[in-house]
Structures are given as structure tokens and as C-alpha cells.
Amino acid sequence: MRKILIIEDNQDIRDNLEEILELQDYVVHLAENGEKGIASIQEIKPDLILCDVAMPQKNGYEVLDHVRSNPLTVATPFIFITASAEERDIAMGKMAGADDYLAKPFPSSKLIASISRLLNEDRE
């Protein structure tokens, strides 16, 4: 089963995403800030990372920089999930190396489609 790490400081959002992904048969790991997320990446070696941008201790860009600078995780699919839907923010996220950028709130179908595409899965 594929492992997904959710790095999100809002517990309600974390719990909601966890439920959605577990219903899709993913193994879900949670981290409530960027620092704990980086530690979890080393420990669990996720197949995909969902990460908020604005978080305490380390923000999403710092997490992404860590992922992309590590040879063991450089190719790990990375999706920003954030409340900021400005075009410039989306462009910045993708230029920084994120594979996708979902603006909250987003439908679960869009999340699943993005994950499936990045993991090369055929989910109907």
C-alpha cells in the first residue's frame, strides 16, 4: 500500500484528509508542522507528500527544499495544499518544485485525481 504523509498544522484539515485518503486505501501518516514533517519523511519514506505552506517551525517551502535537496527524496511527489489561491502563489509553488498546488477548500475528487496522477495509478 502506498504511504502518504500529510503535513498540516490545522487538526481538522489533517483529520479530514486522513479520512479521505484512508478510504482510498492509502497508509496515512500525519505531522502537525514542518519540522515534524521533515523528521517523518526520513522515518517513513512516503510515496507522496501533502504539505501546507504556512505552518509553524518550518513552512512548506522549507519542507519542499529539504525534499528536493535530498537524493533519497528528490523524486517524491509533493503537493502543496494551501488557502492561498493567487496565481502568483501557485506559480511560486510550482517553480519551487511542487508537483501540484491545491487551493483550500478543494473537492476530495480533485485531491484523489492529483494523487493518482502523480503516483501513476488508475483510480476510477
# chains A, B, ... in the order shown; residues from 1 in each chain; ligands from 1
>>> select_by_dssp(residues="region 57-90 of chain A", states="alpha helix (DSSP H)", output="ChimeraX atom specification")
/A:60-69,87-90
>>> closest_atom_pairs(of="region 4-83 of chain A", to="region 89-96 of chain A", cutoff="10 Å", atoms="only C-alpha atoms", output="tab-separated table")
residue	atom	partner	partner_atom	distance
A:Val53	CA	A:Gly93	CA	9.0
A:Gly60	CA	A:Gly93	CA	9.3
A:Tyr61	CA	A:Ala96	CA	7.5
A:Leu64	CA	A:Ala96	CA	7.7
A:Asp65	CA	A:Ala96	CA	7.8
A:Arg68	CA	A:Ala96	CA	9.1
A:Phe78	CA	A:Lys94	CA	9.9
A:Ile79	CA	A:Gly93	CA	9.1
A:Phe80	CA	A:Gly93	CA	7.3
A:Thr82	CA	A:Ile90	CA	9.6
>>> residues_around(residues="Leu17 (chain A)", least_positions_apart="2", cutoff="10 Å", atoms="only C-alpha atoms", output="list in words")
Ile6, Glu8, Gln11, Asp12, Ile13, Arg14, Asp15, Glu19, Ile20, Leu21, Glu22, Leu23, Val28, Leu30, Leu50, Ser108 and Leu111 of chain A
>>> atom_distance(atom1="CA of Asn70 (chain A)", atom2="CA of Pro46 (chain A)")
13.5 Å
>>> atom_distance(atom1="CA of Lys58 (chain A)", atom2="CA of Asn10 (chain A)")
14.4 Å
>>> atom_distance(atom1="CA of His66 (chain A)", atom2="CA of Asp9 (chain A)")
18.2 Å
